[in-house]
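Take a look at the structure below.
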Amino acid sequence: MSAVTRKVKLNNGVEVPIVGSGAWAPADANQTEVKNWILSALKNGFRHIDTARGYGTEKAVGEAIRESGIPREEIFVTTKLPWNRHDAVRESFEESLSQLGLDYIDLYLVHWPQAIQYDPKNGFPTNPDGSAILNTSVTFNDSWAEMEKLLDTGKVRAIGVSNFSVKTLEQLFKTAKIVPAVNQVELHPYLAQNELREYCTKKGIVLTAYTPSGYSKVREDPLIVSIAEKYKVTPTQVILAWHLSRNTIVVPKSTNSQRQKENITVPTNISEEDLAKVWHLDRGERICNKPDPVTRRVWGWTDVQLGWENYHPPTH
């Protein structure tokens, strides 16, 4: 095993380290602590940091990059347009640049296809019934047109989307002039996203997996555990090896230095036969962002609107 230096080339020629560190943190997280574990990730070999305006960690990411002493050009930074700023793309992008304290962003994604009403005091305003207050005056086709203009500024190297399905990508392509470079989605052995993967491959879109290990639910699957024991690695390393066998970018997140080292050290000796067994675990199960069992909504939109209606709960 060796530290991952492998990169994936995007459809515009930009190269991305295939293993990155996620930078999500709870809303009440101590930002000094966030900076410290991101700095730890950088010291442990990560050269790709995945954050978002909605995570509230952009400032900590920028501080960690500067304190690391690693040249800026050696670190790939991804951040995202929040769902409540679809009608203010340029403004939100500049806010992210300012928070990061950087001259440019490597990859900028539309975080979610749905637009939520903007409230500076509340990132997710709701109606009395608890449903999200949607912004119906703008569509992701509108925001994507503004995303395309960002490339002309020279302040972003590539643009893409997140949480898009075949259905929403098809809608995007009705007006898009530029094909997204990346689509970041929930992806793990229980949710292999094979139809989406095939579609994106044909379009030249690279998939990035968030929740790549599937949390403890997937890590504790008997098959994953048995393969890990066979090769004397961790269950997470088995799952990351499976992702890399599919040329999928992964952004696992850990605040623990030892687990960060495990995440950046992916085994290369797992046989194709054993990795193939992992494919059979797919059961279309979302773990991180599950539709509400009653309303079928996920952050304001139904699974049908999101193009996630093929979701089905586990049968075993």
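Letters A, B, ... go to the chains of the structure tokens in the order shown; residues in each chain start at 1; ligands are counted from 1 in the same order.
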Could you give me, as a Markdown table, every segment 157-198 of chain A residue with an atom at most 12 Å from segment 239-242 of chain A, plus its closest atom pair and distance in Å to one decimal, counting only C-alpha atoms, rows ordered by chain then number?
```
| residue | atom | partner | partner_atom | distance |
| --- | --- | --- | --- | --- |
| A:Leu187 | CA | A:Ile239 | CA | 10.7 |
| A:His188 | CA | A:Ile239 | CA | 7.6 |
| A:Pro189 | CA | A:Ile239 | CA | 7.4 |
| A:Tyr190 | CA | A:Ile239 | CA | 10.7 |
| A:Ala192 | CA | A:Trp242 | CA | 10.5 |
```
With C-alpha atoms retained, export the selected residues as a PDB file, in the first residue's frame.
```pdb
ATOM      1  CA  LEU A 187     -22.225   6.842  -3.482  1.00  0.00           C
ATOM      2  CA  HIS A 188     -21.182   3.688  -1.634  1.00  0.00           C
ATOM      3  CA  PRO A 189     -21.603  -0.106  -1.983  1.00  0.00           C
ATOM      4  CA  TYR A 190     -25.269   0.027  -0.882  1.00  0.00           C
ATOM      5  CA  ALA A 192     -23.726   2.100  -6.423  1.00  0.00           C
TER       6      ALA A 192
END
```
Point to revise | DSSP-assigned helix (DSSP H, G or I) among segment 54-106 of chain A, expressed as a PyMOL selection string | key: chain A and resi 54-55+58-68+72-74+83-85+89-100
Write the residues of the preceding selection, restricted to C-alpha atoms, as an mmCIF file, in the first residue's frame.
```cif
data_model
loop_
_atom_site.group_PDB
_atom_site.id
_atom_site.type_symbol
_atom_site.label_atom_id
_atom_site.label_comp_id
_atom_site.auth_asym_id
_atom_site.auth_seq_id
_atom_site.Cartn_x
_atom_site.Cartn_y
_atom_site.Cartn_z
ATOM 1 C CA GLY A 54 -23.216 25.646 3.466
ATOM 2 C CA TYR A 55 -20.743 23.791 5.681
ATOM 3 C CA GLU A 58 -14.446 27.739 4.208
ATOM 4 C CA LYS A 59 -12.586 30.153 6.505
ATOM 5 C CA ALA A 60 -11.079 27.262 8.481
ATOM 6 C CA VAL A 61 -10.025 25.539 5.250
ATOM 7 C CA GLY A 62 -8.256 28.670 4.027
ATOM 8 C CA GLU A 63 -6.475 29.140 7.333
ATOM 9 C CA ALA A 64 -5.340 25.503 7.355
ATOM 10 C CA ILE A 65 -3.972 25.809 3.823
ATOM 11 C CA ARG A 66 -1.950 28.900 4.735
ATOM 12 C CA GLU A 67 -0.646 27.401 7.983
ATOM 13 C CA SER A 68 0.349 24.161 6.247
ATOM 14 C CA ARG A 72 -1.360 26.781 -2.967
ATOM 15 C CA GLU A 73 -1.004 25.235 -6.428
ATOM 16 C CA GLU A 74 -0.418 21.829 -4.859
ATOM 17 C CA TRP A 83 -29.185 26.102 -2.281
ATOM 18 C CA ASN A 84 -30.328 29.515 -1.034
ATOM 19 C CA ARG A 85 -28.115 31.470 -3.462
ATOM 20 C CA VAL A 89 -24.199 33.003 -8.055
ATOM 21 C CA ARG A 90 -21.493 35.601 -8.605
ATOM 22 C CA GLU A 91 -22.049 37.198 -5.211
ATOM 23 C CA SER A 92 -21.945 33.852 -3.410
ATOM 24 C CA PHE A 93 -18.831 32.805 -5.319
ATOM 25 C CA GLU A 94 -17.035 35.989 -4.284
ATOM 26 C CA GLU A 95 -18.131 35.409 -0.683
ATOM 27 C CA SER A 96 -16.576 31.935 -0.812
ATOM 28 C CA LEU A 97 -13.340 33.340 -2.236
ATOM 29 C CA SER A 98 -13.264 35.907 0.561
ATOM 30 C CA GLN A 99 -13.967 33.327 3.272
ATOM 31 C CA LEU A 100 -11.282 31.013 1.898
#
```
Review point. Near Thr236 of chain A, counting only C-alpha atoms, which residues have an atom at most 10 Å away, once you skip same-chain residues fewer than 3 positions from it, shown as an MDAnalysis selection string?
Key: chainID A and resid 212:216 218:220 224:225 228 233 239:242 252 259 262:263 266
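The shell of residues at most 12 Å from Gln305 of chain A, with only C-alpha atoms counted and near chain neighbours (fewer than 5 positions) removed, consists of A:Trp112, A:Pro113, A:Gln114, A:Asn163, A:Phe164, A:Ser165, A:Val166, A:Lys167, A:Thr168, A:Leu169, A:Gln171, A:Pro291, A:Arg296, A:Arg297, A:Val298, A:Trp299, A:Gly300, A:Asn310.
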Check your understanding: Looking only at the backbone, which of the residues in segment 9-247 of chain A does DSSP tag as strand (DSSP E or B), as a PyMOL selection string?
Key -> chain A and resi 9+15-17+19+21-22+48-50+76-81+105-110+116+126+132+134+156-162+182-186+188+191+206-210
Review point. For Val77 of chain A, which of A:Asn127, A:Asn30, A:Asn122, A:Ser21 is the closest residue, counting only C-alpha atoms?
Key: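 That would be A:Ser21, the residue with the smallest distance to Val77 of chain A.
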